[in-house]
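Peer 1: Starting off with a structure, shown below.
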Number of protein chains: 2
Amino acid sequence: MSTAREAGRPGEEAILKAAIAVMAEHGYHGTSVRDIAERAGLSPAAMYYHFTSKQDVLATLMERGIERLLTRTRAALAEAGDAPEDRLSAIVEVQVLFHLESQAATLLGTTELRALEEPLRGKHKAKRLQQQRLFDQVIEEGIAQGVFTTSLPQEAARAIVVMCTGVAGWFSPRGKLSREQVVRHYQRLALDMVGAGPGDGGAGRGRVRGRRS
Amino acid sequence: MSTAREAGRPGEEAILKAAIAVMAEHGYHGTSVRDIAERAGLSPAAMYYHFTSKQDVLATLMERGIERLLTRTRAALAEAGDAPEDRLSAIVEVQVLFHLESQAATLLGTTELRALEEPLRGKHKAKRLQQQRLFDQVIEEGIAQGVFTTSLPQEAARAIVVMCTGVAGWFSPRGKLSREQVVRHYQRLALDMVGAGPGDGGAGRGRVRGRRS
């Protein structure tokens with residue numbers, strides 16, 4: 001059921017998918033409406049039935065992406081319980097998996113933000129800031145509860161988001177790490193970055209792999 | 001004296017500077033040789049005196065960038081002494097400052113890597129890997145000496161590079177943090193990520209700001 005809401009009209013989906021593939025290769029400015037239509041197996045006229053312009057395609061891709069990320073992050077927080085470590089781990093998982101599930105699309109979101117025209121670019125940036133604020137809040141709550149000890153909560157929050165978003169730039173399904181391993185490693189790194197677990201005699205460190213030497 | 005080597009011929013420098021500015025706005029594929037020449041105040045013919053093509057301009061920008069970064073990182077390591085914390089802090093400083101000094105150029109290096117044609121792209125990636133290996137080595141040395149305790153040295157090394165490189169995407173000279181503050185914060189975050197200072201009773205945490213509450 002959950003896919004139905006995201007699916008949209010079939011023609012539209014095929015165009016967006018084609019646009020991601022072509023723009024990932026040639027960039028927004030190196031891609032024409034005709035290129036996208038051809039990749040989708042449609043005529044340019046058929047494409048204009050769904051989208052008013054190449055800019056409209058990009059805007060739709062970017063808006064859907066950030067909306068899905070926000071929705072998933074909020075859902076993860078709603079399910080994560082109260083422990084700050086669990087809440088941070090939950091949103092790190094979403095941030096990493098989201099950027100691994102659709103690497104080409106999310107990389108496009110990073111590299112082609114400048115190609116998005118105003119006022120859409122400003123709106124998109126505001127939504128990214130909302131996403132960042134969710135991380136800020138979780139870390140601030142952890143500090144208020146004495147569970148996180150970093151003296152740099154905002155900087156840690158931003159660095160964690162950048163680090164998790166960055167997986168889209170290097171992850172390879174043929175590499176030595178599975179998606180699940182990347183998630184667990186980044187949860188551990190994020191907890192280290194906020195100074196989680198100073199009161200447990202250092203047991204917090206290396207929790208993912210557990211047995212060290 | 002050190003600037004002489006980097007300066008190149010004046011016309012060449014003006015073209016590269018113009019190319020960074022124009023490509024930052026319109027992307028590699030959205031930029032023509034004529035656009036670059038115009039921004040540099042030259043005729044296209046004058047530009048072809050210095051570069052064979054737009055691709056040649058991009059390749060020169062990318063190669064100079066990674067070479068300078070490697071040179072500065074190695075120099076920082078040569079001067080940093082033996083303590084793993086100092087060595088990691090030194091290369092974090094280089095990585096952050098390099099990406100803050102020329103934000104537009106380094107962002108271009110990230111967003112337009114796909115526009116670099118083979119075999120240059122492969123060569124560029126190999127040099128990026130050399131840079132990554134310098135971080136890997138510093139962290140591995142720190143672990144071997146018992147100073148760093150992370151169970152995820154390679155992942156921490158990559159995440160630190162991604163985080164430091166990412167400053168080019170968000171830093172603003174009009175923001176609340178100075179470049180120097182960003183450097184100090186990221187040094188602290190990097191040390192947290194490798195689990196530095198577990199034997200100092202937690203004094204390592206928050207060292208940058210020191211007095212907490």
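Labels for the structure tokens follow display order: chains A, B, ..., residues from 1 in each chain, ligands from 1.
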Which chain B residues are at most 9 Å from chain A (counting only C-alpha atoms), as a PyMOL selection string?

Peer 2: chain B and resi 24-31+107+110-112+114-115+149-152+155-156+158-164+166-167+182+185-186+188-195+198+202+205-210+212

Peer 1: Could you save those same residues with N, CA and C atoms as a CSV table (one decimal), in the first residue's frame?

Peer 2:
```csv
chain,number,residue,atom,x,y,z
B,24,ALA,N,30.5,27.3,-11.8
B,24,ALA,CA,29.8,27.3,-10.5
B,24,ALA,C,28.4,27.7,-10.7
B,25,GLU,N,28.1,28.6,-11.6
B,25,GLU,CA,26.7,29.0,-11.9
B,25,GLU,C,26.0,28.1,-12.8
B,26,HIS,N,26.6,27.7,-13.8
B,26,HIS,CA,25.9,27.0,-14.9
B,26,HIS,C,26.3,25.5,-15.1
B,27,GLY,N,27.3,25.1,-14.3
B,27,GLY,CA,27.7,23.7,-14.5
B,27,GLY,C,28.6,23.6,-15.8
B,28,TYR,N,29.4,22.5,-15.8
B,28,TYR,CA,30.3,22.3,-16.9
B,28,TYR,C,29.6,22.2,-18.3
B,29,HIS,N,28.5,21.4,-18.3
B,29,HIS,CA,27.8,21.3,-19.6
B,29,HIS,C,27.0,22.5,-20.0
B,30,GLY,N,26.7,23.4,-19.0
B,30,GLY,CA,25.9,24.6,-19.3
B,30,GLY,C,26.8,25.8,-19.6
B,31,THR,N,28.1,25.5,-19.7
B,31,THR,CA,29.1,26.5,-19.9
B,31,THR,C,29.8,26.3,-21.3
B,107,LEU,N,33.9,22.8,-4.8
B,107,LEU,CA,32.6,22.3,-5.1
B,107,LEU,C,32.5,21.8,-6.5
B,110,THR,N,33.8,18.4,-6.9
B,110,THR,CA,32.9,17.4,-6.4
B,110,THR,C,31.8,17.2,-7.5
B,111,THR,N,31.2,18.3,-7.9
B,111,THR,CA,30.0,18.1,-8.7
B,111,THR,C,30.3,17.8,-10.2
B,112,GLU,N,31.5,18.1,-10.7
B,112,GLU,CA,31.8,17.9,-12.1
B,112,GLU,C,32.8,16.8,-12.3
B,114,ARG,N,32.1,13.9,-12.7
B,114,ARG,CA,31.5,13.0,-13.8
B,114,ARG,C,31.7,13.6,-15.2
B,115,ALA,N,32.0,14.9,-15.3
B,115,ALA,CA,32.2,15.6,-16.6
B,115,ALA,C,33.6,15.4,-17.0
B,149,THR,N,41.0,4.6,19.6
B,149,THR,CA,40.3,3.3,20.0
B,149,THR,C,39.2,2.9,19.2
B,150,THR,N,38.9,3.6,18.1
B,150,THR,CA,37.8,3.2,17.3
B,150,THR,C,38.0,1.8,16.7
B,151,SER,N,36.8,1.1,16.6
B,151,SER,CA,36.9,-0.2,16.0
B,151,SER,C,36.6,-0.1,14.5
B,152,LEU,N,36.4,1.2,14.0
B,152,LEU,CA,36.1,1.4,12.6
B,152,LEU,C,37.1,2.4,11.9
B,155,GLU,N,36.3,3.4,8.2
B,155,GLU,CA,35.1,4.1,8.0
B,155,GLU,C,35.2,5.5,8.7
B,156,ALA,N,35.9,5.6,9.8
B,156,ALA,CA,36.1,6.9,10.4
B,156,ALA,C,36.9,7.8,9.5
B,158,ARG,N,37.2,7.7,6.2
B,158,ARG,CA,36.4,8.2,5.1
B,158,ARG,C,35.4,9.3,5.6
B,159,ALA,N,34.7,9.0,6.7
B,159,ALA,CA,33.7,9.9,7.1
B,159,ALA,C,34.3,11.3,7.5
B,160,ILE,N,35.5,11.2,8.0
B,160,ILE,CA,36.2,12.5,8.4
B,160,ILE,C,36.5,13.3,7.1
B,161,VAL,N,37.0,12.6,6.1
B,161,VAL,CA,37.3,13.3,4.8
B,161,VAL,C,36.0,13.9,4.2
B,162,VAL,N,35.0,13.1,4.2
B,162,VAL,CA,33.7,13.6,3.7
B,162,VAL,C,33.2,14.8,4.4
B,163,MET,N,33.2,14.7,5.8
B,163,MET,CA,32.8,15.8,6.6
B,163,MET,C,33.6,17.1,6.4
B,164,CYS,N,34.9,16.9,6.3
B,164,CYS,CA,35.8,18.1,6.1
B,164,CYS,C,35.6,18.7,4.7
B,166,GLY,N,33.0,18.5,3.0
B,166,GLY,CA,31.6,19.1,3.0
B,166,GLY,C,31.5,20.5,3.4
B,167,VAL,N,32.5,21.1,4.1
B,167,VAL,CA,32.4,22.5,4.5
B,167,VAL,C,32.2,23.4,3.3
B,182,VAL,N,35.8,26.7,12.6
B,182,VAL,CA,35.4,25.5,11.9
B,182,VAL,C,36.5,24.5,12.0
B,185,HIS,N,36.6,23.0,15.6
B,185,HIS,CA,35.5,22.1,15.8
B,185,HIS,C,35.7,20.8,15.1
B,186,TYR,N,36.1,20.9,13.9
B,186,TYR,CA,36.3,19.6,13.1
B,186,TYR,C,37.4,18.8,13.6
B,188,ARG,N,38.1,18.6,16.8
B,188,ARG,CA,37.5,17.9,17.9
B,188,ARG,C,36.6,16.8,17.5
B,189,LEU,N,35.8,17.0,16.5
B,189,LEU,CA,34.9,16.0,16.0
B,189,LEU,C,35.7,14.8,15.5
B,190,ALA,N,36.7,15.0,14.7
B,190,ALA,CA,37.5,14.0,14.2
B,190,ALA,C,38.2,13.1,15.3
B,191,LEU,N,38.7,13.8,16.3
B,191,LEU,CA,39.2,13.1,17.4
B,191,LEU,C,38.2,12.2,18.1
B,192,ASP,N,37.0,12.7,18.2
B,192,ASP,CA,35.9,11.9,18.8
B,192,ASP,C,35.6,10.7,17.9
B,193,MET,N,35.6,10.9,16.6
B,193,MET,CA,35.3,9.8,15.7
B,193,MET,C,36.3,8.7,15.7
B,194,VAL,N,37.5,9.0,16.1
B,194,VAL,CA,38.5,7.9,16.2
B,194,VAL,C,38.7,7.4,17.6
B,195,GLY,N,37.9,7.9,18.5
B,195,GLY,CA,38.0,7.5,19.9
B,195,GLY,C,39.3,7.9,20.5
B,198,PRO,N,40.6,8.1,25.4
B,198,PRO,CA,39.8,7.4,26.4
B,198,PRO,C,40.5,7.2,27.7
B,202,GLY,N,38.2,11.4,30.0
B,202,GLY,CA,37.3,12.2,29.3
B,202,GLY,C,37.7,13.6,29.1
B,205,ARG,N,37.4,15.2,25.6
B,205,ARG,CA,36.1,15.7,25.1
B,205,ARG,C,36.0,17.2,25.5
B,206,GLY,N,35.5,17.9,24.5
B,206,GLY,CA,35.2,19.3,24.8
B,206,GLY,C,36.5,20.1,25.0
B,207,ARG,N,37.6,19.6,24.6
B,207,ARG,CA,38.9,20.3,24.8
B,207,ARG,C,38.9,21.7,24.1
B,208,VAL,N,38.2,21.8,23.0
B,208,VAL,CA,38.2,23.0,22.2
B,208,VAL,C,37.6,24.2,23.1
B,209,ARG,N,36.4,23.9,23.6
B,209,ARG,CA,35.8,25.0,24.4
B,209,ARG,C,36.1,24.9,25.9
B,210,GLY,N,36.7,23.7,26.2
B,210,GLY,CA,37.2,23.6,27.6
B,210,GLY,C,36.1,23.6,28.6
B,212,ARG,N,33.0,23.5,30.4
B,212,ARG,CA,31.5,23.3,30.2
B,212,ARG,C,30.8,23.4,31.5
```

Peer 1: Residues within 9 Å of Glu117 of chain A, please, as a ChimeraX atom specification. Count only C-alpha atoms; anything in the same chain fewer than 4 positions from it doesn't count.

Peer 2: /A:55,59,113,121-122

Peer 1: What does chain A look like after a least-squares fit onto chain B on every Cα paired in order, written as a PDB file with C-alpha atoms, in the first residue's frame?

Peer 2:
```pdb
ATOM      1  CA  MET A   1      57.864  32.803  -3.296  1.00  0.00           C
ATOM      2  CA  SER A   2      55.399  30.058  -2.728  1.00  0.00           C
ATOM      3  CA  THR A   3      52.824  31.831  -4.854  1.00  0.00           C
ATOM      4  CA  ALA A   4      55.160  32.026  -7.845  1.00  0.00           C
ATOM      5  CA  ARG A   5      55.038  28.298  -8.434  1.00  0.00           C
ATOM      6  CA  GLU A   6      51.282  28.261  -8.278  1.00  0.00           C
ATOM      7  CA  ALA A   7      50.695  31.336 -10.356  1.00  0.00           C
ATOM      8  CA  GLY A   8      51.357  29.994 -13.851  1.00  0.00           C
ATOM      9  CA  ARG A   9      50.941  32.379 -16.742  1.00  0.00           C
ATOM     10  CA  PRO A  10      48.648  35.344 -16.070  1.00  0.00           C
ATOM     11  CA  GLY A  11      46.317  34.600 -18.999  1.00  0.00           C
ATOM     12  CA  GLU A  12      45.971  31.021 -17.895  1.00  0.00           C
ATOM     13  CA  GLU A  13      45.154  32.027 -14.340  1.00  0.00           C
ATOM     14  CA  ALA A  14      42.489  34.471 -15.495  1.00  0.00           C
ATOM     15  CA  ILE A  15      40.881  31.765 -17.625  1.00  0.00           C
ATOM     16  CA  LEU A  16      40.840  29.225 -14.801  1.00  0.00           C
ATOM     17  CA  LYS A  17      39.370  31.782 -12.429  1.00  0.00           C
ATOM     18  CA  ALA A  18      36.708  32.709 -14.955  1.00  0.00           C
ATOM     19  CA  ALA A  19      35.942  29.046 -15.614  1.00  0.00           C
ATOM     20  CA  ILE A  20      35.377  28.390 -11.911  1.00  0.00           C
ATOM     21  CA  ALA A  21      32.978  31.322 -11.674  1.00  0.00           C
ATOM     22  CA  VAL A  22      30.959  30.459 -14.782  1.00  0.00           C
ATOM     23  CA  MET A  23      30.840  26.705 -14.146  1.00  0.00           C
ATOM     24  CA  ALA A  24      29.814  27.259 -10.528  1.00  0.00           C
ATOM     25  CA  GLU A  25      26.745  29.034 -11.884  1.00  0.00           C
ATOM     26  CA  HIS A  26      25.863  26.966 -14.924  1.00  0.00           C
ATOM     27  CA  GLY A  27      27.727  23.682 -14.565  1.00  0.00           C
ATOM     28  CA  TYR A  28      30.300  22.263 -16.954  1.00  0.00           C
ATOM     29  CA  HIS A  29      27.764  21.269 -19.586  1.00  0.00           C
ATOM     30  CA  GLY A  30      25.933  24.581 -19.310  1.00  0.00           C
ATOM     31  CA  THR A  31      29.143  26.515 -19.942  1.00  0.00           C
ATOM     32  CA  SER A  32      30.707  27.196 -23.350  1.00  0.00           C
ATOM     33  CA  VAL A  33      34.267  28.134 -24.243  1.00  0.00           C
ATOM     34  CA  ARG A  34      32.852  31.497 -25.283  1.00  0.00           C
ATOM     35  CA  ASP A  35      31.280  31.994 -21.829  1.00  0.00           C
ATOM     36  CA  ILE A  36      34.619  31.362 -20.132  1.00  0.00           C
ATOM     37  CA  ALA A  37      36.519  33.622 -22.527  1.00  0.00           C
ATOM     38  CA  GLU A  38      33.981  36.423 -22.087  1.00  0.00           C
ATOM     39  CA  ARG A  39      34.156  36.214 -18.317  1.00  0.00           C
ATOM     40  CA  ALA A  40      37.960  36.344 -18.537  1.00  0.00           C
ATOM     41  CA  GLY A  41      37.795  39.317 -20.888  1.00  0.00           C
ATOM     42  CA  LEU A  42      39.425  37.367 -23.716  1.00  0.00           C
ATOM     43  CA  SER A  43      38.471  36.224 -27.190  1.00  0.00           C
ATOM     44  CA  PRO A  44      37.814  32.486 -27.655  1.00  0.00           C
ATOM     45  CA  ALA A  45      40.918  32.445 -29.888  1.00  0.00           C
ATOM     46  CA  ALA A  46      43.028  33.804 -27.034  1.00  0.00           C
ATOM     47  CA  MET A  47      41.615  31.108 -24.817  1.00  0.00           C
ATOM     48  CA  TYR A  48      42.562  28.385 -27.273  1.00  0.00           C
ATOM     49  CA  TYR A  49      46.132  29.680 -27.063  1.00  0.00           C
ATOM     50  CA  HIS A  50      46.203  28.444 -23.462  1.00  0.00           C
ATOM     51  CA  PHE A  51      43.833  25.471 -23.498  1.00  0.00           C
ATOM     52  CA  THR A  52      42.879  23.020 -26.210  1.00  0.00           C
ATOM     53  CA  SER A  53      39.259  22.678 -25.055  1.00  0.00           C
ATOM     54  CA  LYS A  54      36.752  23.195 -22.280  1.00  0.00           C
ATOM     55  CA  GLN A  55      37.669  19.685 -21.121  1.00  0.00           C
ATOM     56  CA  ASP A  56      41.304  20.784 -20.898  1.00  0.00           C
ATOM     57  CA  VAL A  57      40.270  23.675 -18.638  1.00  0.00           C
ATOM     58  CA  LEU A  58      38.303  21.375 -16.350  1.00  0.00           C
ATOM     59  CA  ALA A  59      41.111  18.809 -16.259  1.00  0.00           C
ATOM     60  CA  THR A  60      43.644  21.499 -15.354  1.00  0.00           C
ATOM     61  CA  LEU A  61      41.436  22.793 -12.560  1.00  0.00           C
ATOM     62  CA  MET A  62      40.837  19.348 -11.129  1.00  0.00           C
ATOM     63  CA  GLU A  63      44.461  18.231 -11.377  1.00  0.00           C
ATOM     64  CA  ARG A  64      45.837  21.376  -9.798  1.00  0.00           C
ATOM     65  CA  GLY A  65      43.330  21.121  -6.998  1.00  0.00           C
ATOM     66  CA  ILE A  66      44.088  17.569  -5.968  1.00  0.00           C
ATOM     67  CA  GLU A  67      47.846  18.080  -6.370  1.00  0.00           C
ATOM     68  CA  ARG A  68      47.808  21.106  -4.106  1.00  0.00           C
ATOM     69  CA  LEU A  69      45.734  19.280  -1.541  1.00  0.00           C
ATOM     70  CA  LEU A  70      48.114  16.289  -1.549  1.00  0.00           C
ATOM     71  CA  THR A  71      51.161  18.536  -1.298  1.00  0.00           C
ATOM     72  CA  ARG A  72      49.730  20.516   1.591  1.00  0.00           C
ATOM     73  CA  THR A  73      48.585  17.415   3.429  1.00  0.00           C
ATOM     74  CA  ARG A  74      52.011  15.773   3.127  1.00  0.00           C
ATOM     75  CA  ALA A  75      53.704  18.996   4.238  1.00  0.00           C
ATOM     76  CA  ALA A  76      51.407  19.183   7.264  1.00  0.00           C
ATOM     77  CA  LEU A  77      52.277  15.602   8.197  1.00  0.00           C
ATOM     78  CA  ALA A  78      55.987  16.307   7.822  1.00  0.00           C
ATOM     79  CA  GLU A  79      55.662  19.160  10.310  1.00  0.00           C
ATOM     80  CA  ALA A  80      53.173  17.640  12.719  1.00  0.00           C
ATOM     81  CA  GLY A  81      55.481  15.582  14.912  1.00  0.00           C
ATOM     82  CA  ASP A  82      54.699  12.074  16.128  1.00  0.00           C
ATOM     83  CA  ALA A  83      51.614  12.356  18.319  1.00  0.00           C
ATOM     84  CA  PRO A  84      48.642  10.800  16.494  1.00  0.00           C
ATOM     85  CA  GLU A  85      46.233  13.483  17.787  1.00  0.00           C
ATOM     86  CA  ASP A  86      48.495  16.202  16.384  1.00  0.00           C
ATOM     87  CA  ARG A  87      48.870  14.403  13.066  1.00  0.00           C
ATOM     88  CA  LEU A  88      45.129  13.939  12.654  1.00  0.00           C
ATOM     89  CA  SER A  89      44.448  17.531  13.705  1.00  0.00           C
ATOM     90  CA  ALA A  90      47.027  18.778  11.203  1.00  0.00           C
ATOM     91  CA  ILE A  91      45.495  17.032   8.216  1.00  0.00           C
ATOM     92  CA  VAL A  92      41.948  17.900   9.268  1.00  0.00           C
ATOM     93  CA  GLU A  93      43.067  21.536   9.308  1.00  0.00           C
ATOM     94  CA  VAL A  94      44.431  21.256   5.772  1.00  0.00           C
ATOM     95  CA  GLN A  95      41.334  19.446   4.502  1.00  0.00           C
ATOM     96  CA  VAL A  96      38.967  22.040   5.995  1.00  0.00           C
ATOM     97  CA  LEU A  97      40.970  25.147   5.073  1.00  0.00           C
ATOM     98  CA  PHE A  98      41.603  23.949   1.538  1.00  0.00           C
ATOM     99  CA  HIS A  99      37.878  23.527   0.963  1.00  0.00           C
ATOM    100  CA  LEU A 100      37.093  26.890   2.562  1.00  0.00           C
ATOM    101  CA  GLU A 101      39.731  28.879   0.713  1.00  0.00           C
ATOM    102  CA  SER A 102      38.347  28.024  -2.686  1.00  0.00           C
ATOM    103  CA  GLN A 103      34.782  26.919  -2.074  1.00  0.00           C
ATOM    104  CA  ALA A 104      33.607  27.373  -5.649  1.00  0.00           C
ATOM    105  CA  ALA A 105      36.584  25.506  -7.103  1.00  0.00           C
ATOM    106  CA  THR A 106      36.362  22.591  -4.702  1.00  0.00           C
ATOM    107  CA  LEU A 107      32.598  22.285  -5.081  1.00  0.00           C
ATOM    108  CA  LEU A 108      33.231  22.084  -8.806  1.00  0.00           C
ATOM    109  CA  GLY A 109      35.692  19.285  -8.129  1.00  0.00           C
ATOM    110  CA  THR A 110      32.892  17.371  -6.436  1.00  0.00           C
ATOM    111  CA  THR A 111      29.991  18.132  -8.741  1.00  0.00           C
ATOM    112  CA  GLU A 112      31.821  17.943 -12.072  1.00  0.00           C
ATOM    113  CA  LEU A 113      33.943  14.849 -11.553  1.00  0.00           C
ATOM    114  CA  ARG A 114      31.493  13.024 -13.818  1.00  0.00           C
ATOM    115  CA  ALA A 115      32.209  15.582 -16.560  1.00  0.00           C
ATOM    116  CA  LEU A 116      35.905  14.700 -16.552  1.00  0.00           C
ATOM    117  CA  GLU A 117      36.583  12.240 -19.336  1.00  0.00           C
ATOM    118  CA  GLU A 118      38.602   9.041 -19.094  1.00  0.00           C
ATOM    119  CA  PRO A 119      41.445   8.376 -18.557  1.00  0.00           C
ATOM    120  CA  LEU A 120      41.652  11.626 -16.601  1.00  0.00           C
ATOM    121  CA  ARG A 121      38.734  10.755 -14.360  1.00  0.00           C
ATOM    122  CA  GLY A 122      40.392   7.524 -13.304  1.00  0.00           C
ATOM    123  CA  LYS A 123      43.671   9.318 -12.642  1.00  0.00           C
ATOM    124  CA  HIS A 124      41.884  11.925 -10.564  1.00  0.00           C
ATOM    125  CA  LYS A 125      40.092   9.288  -8.534  1.00  0.00           C
ATOM    126  CA  ALA A 126      43.412   7.536  -7.878  1.00  0.00           C
ATOM    127  CA  LYS A 127      44.818  10.767  -6.479  1.00  0.00           C
ATOM    128  CA  ARG A 128      41.774  11.236  -4.285  1.00  0.00           C
ATOM    129  CA  LEU A 129      42.397   7.744  -2.996  1.00  0.00           C
ATOM    130  CA  GLN A 130      45.996   8.735  -2.153  1.00  0.00           C
ATOM    131  CA  GLN A 131      44.592  11.600  -0.118  1.00  0.00           C
ATOM    132  CA  GLN A 132      42.197   9.230   1.645  1.00  0.00           C
ATOM    133  CA  ARG A 133      45.083   6.845   2.385  1.00  0.00           C
ATOM    134  CA  LEU A 134      46.943   9.613   4.250  1.00  0.00           C
ATOM    135  CA  PHE A 135      43.993   9.794   6.651  1.00  0.00           C
ATOM    136  CA  ASP A 136      43.788   6.003   6.871  1.00  0.00           C
ATOM    137  CA  GLN A 137      47.477   5.811   7.803  1.00  0.00           C
ATOM    138  CA  VAL A 138      47.325   8.459  10.500  1.00  0.00           C
ATOM    139  CA  ILE A 139      44.374   6.701  12.112  1.00  0.00           C
ATOM    140  CA  GLU A 140      45.969   3.274  11.835  1.00  0.00           C
ATOM    141  CA  GLU A 141      49.140   4.605  13.456  1.00  0.00           C
ATOM    142  CA  GLY A 142      47.054   6.092  16.262  1.00  0.00           C
ATOM    143  CA  ILE A 143      45.373   2.739  16.840  1.00  0.00           C
ATOM    144  CA  ALA A 144      48.705   0.895  16.749  1.00  0.00           C
ATOM    145  CA  GLN A 145      49.951   3.272  19.446  1.00  0.00           C
ATOM    146  CA  GLY A 146      46.835   2.753  21.526  1.00  0.00           C
ATOM    147  CA  VAL A 147      45.889   6.414  21.291  1.00  0.00           C
ATOM    148  CA  PHE A 148      42.848   5.969  19.051  1.00  0.00           C
ATOM    149  CA  THR A 149      40.314   3.349  20.073  1.00  0.00           C
ATOM    150  CA  THR A 150      37.763   3.256  17.282  1.00  0.00           C
ATOM    151  CA  SER A 151      36.828  -0.167  15.975  1.00  0.00           C
ATOM    152  CA  LEU A 152      36.054   1.416  12.596  1.00  0.00           C
ATOM    153  CA  PRO A 153      39.284   3.058  11.431  1.00  0.00           C
ATOM    154  CA  GLN A 154      38.626   3.004   7.681  1.00  0.00           C
ATOM    155  CA  GLU A 155      35.030   4.135   8.025  1.00  0.00           C
ATOM    156  CA  ALA A 156      36.045   6.901  10.423  1.00  0.00           C
ATOM    157  CA  ALA A 157      38.781   7.999   8.009  1.00  0.00           C
ATOM    158  CA  ARG A 158      36.377   8.221   5.098  1.00  0.00           C
ATOM    159  CA  ALA A 159      33.689   9.950   7.135  1.00  0.00           C
ATOM    160  CA  ILE A 160      36.211  12.511   8.378  1.00  0.00           C
ATOM    161  CA  VAL A 161      37.299  13.324   4.832  1.00  0.00           C
ATOM    162  CA  VAL A 162      33.671  13.603   3.653  1.00  0.00           C
ATOM    163  CA  MET A 163      32.787  15.808   6.610  1.00  0.00           C
ATOM    164  CA  CYS A 164      35.785  18.128   6.087  1.00  0.00           C
ATOM    165  CA  THR A 165      35.269  18.278   2.322  1.00  0.00           C
ATOM    166  CA  GLY A 166      31.610  19.080   2.932  1.00  0.00           C
ATOM    167  CA  VAL A 167      32.383  22.470   4.483  1.00  0.00           C
ATOM    168  CA  ALA A 168      32.597  23.858   0.950  1.00  0.00           C
ATOM    169  CA  GLY A 169      28.884  23.149   0.627  1.00  0.00           C
ATOM    170  CA  TRP A 170      27.635  25.105   3.621  1.00  0.00           C
ATOM    171  CA  PHE A 171      30.230  27.546   4.946  1.00  0.00           C
ATOM    172  CA  SER A 172      29.435  31.227   4.594  1.00  0.00           C
ATOM    173  CA  PRO A 173      31.915  33.984   5.458  1.00  0.00           C
ATOM    174  CA  ARG A 174      28.856  35.849   6.759  1.00  0.00           C
ATOM    175  CA  GLY A 175      27.894  32.963   9.057  1.00  0.00           C
ATOM    176  CA  LYS A 176      28.489  32.823  12.774  1.00  0.00           C
ATOM    177  CA  LEU A 177      31.616  30.668  12.600  1.00  0.00           C
ATOM    178  CA  SER A 178      35.034  31.831  11.444  1.00  0.00           C
ATOM    179  CA  ARG A 179      37.216  29.542   9.353  1.00  0.00           C
ATOM    180  CA  GLU A 180      39.452  29.056  12.367  1.00  0.00           C
ATOM    181  CA  GLN A 181      36.517  27.999  14.520  1.00  0.00           C
ATOM    182  CA  VAL A 182      35.368  25.501  11.923  1.00  0.00           C
ATOM    183  CA  VAL A 183      38.875  24.033  11.886  1.00  0.00           C
ATOM    184  CA  ARG A 184      38.970  23.662  15.665  1.00  0.00           C
ATOM    185  CA  HIS A 185      35.489  22.160  15.806  1.00  0.00           C
ATOM    186  CA  TYR A 186      36.277  19.635  13.089  1.00  0.00           C
ATOM    187  CA  GLN A 187      39.528  18.682  14.770  1.00  0.00           C
ATOM    188  CA  ARG A 188      37.506  17.936  17.910  1.00  0.00           C
ATOM    189  CA  LEU A 189      34.856  15.980  15.981  1.00  0.00           C
ATOM    190  CA  ALA A 190      37.521  13.975  14.157  1.00  0.00           C
ATOM    191  CA  LEU A 191      39.229  13.069  17.434  1.00  0.00           C
ATOM    192  CA  ASP A 192      35.865  11.964  18.808  1.00  0.00           C
ATOM    193  CA  MET A 193      35.277   9.845  15.702  1.00  0.00           C
ATOM    194  CA  VAL A 194      38.501   7.912  16.185  1.00  0.00           C
ATOM    195  CA  GLY A 195      37.957   7.506  19.900  1.00  0.00           C
ATOM    196  CA  ALA A 196      40.890   9.634  20.962  1.00  0.00           C
ATOM    197  CA  GLY A 197      41.585  10.178  24.613  1.00  0.00           C
ATOM    198  CA  PRO A 198      39.685   7.360  26.357  1.00  0.00           C
ATOM    199  CA  GLY A 199      42.483   7.098  28.906  1.00  0.00           C
ATOM    200  CA  ASP A 200      42.337  10.705  30.055  1.00  0.00           C
ATOM    201  CA  GLY A 201      39.108  10.405  31.986  1.00  0.00           C
ATOM    202  CA  GLY A 202      37.160  12.100  29.274  1.00  0.00           C
ATOM    203  CA  ALA A 203      39.254  15.276  29.423  1.00  0.00           C
ATOM    204  CA  GLY A 204      39.770  14.910  25.690  1.00  0.00           C
ATOM    205  CA  ARG A 205      36.135  15.677  25.070  1.00  0.00           C
ATOM    206  CA  GLY A 206      35.382  19.331  24.619  1.00  0.00           C
ATOM    207  CA  ARG A 207      39.070  20.215  24.659  1.00  0.00           C
ATOM    208  CA  VAL A 208      38.507  22.943  22.106  1.00  0.00           C
ATOM    209  CA  ARG A 209      36.133  24.911  24.238  1.00  0.00           C
ATOM    210  CA  GLY A 210      37.513  23.569  27.449  1.00  0.00           C
ATOM    211  CA  ARG A 211      35.330  24.876  30.224  1.00  0.00           C
ATOM    212  CA  ARG A 212      31.903  23.275  30.066  1.00  0.00           C
ATOM    213  CA  SER A 213      29.332  24.303  32.652  1.00  0.00           C
TER     214      SER A 213
END
```

Peer 1: Identify, with DSSP run on backbone atoms, the residues in segment 25-155 of chain B assigned to helix (DSSP H, G or I), and express the list as a PyMOL selection string.

Peer 2: chain B and resi 25-26+33-40+44-50+54-79+84-101+103-111+113-115+120-144+153-155
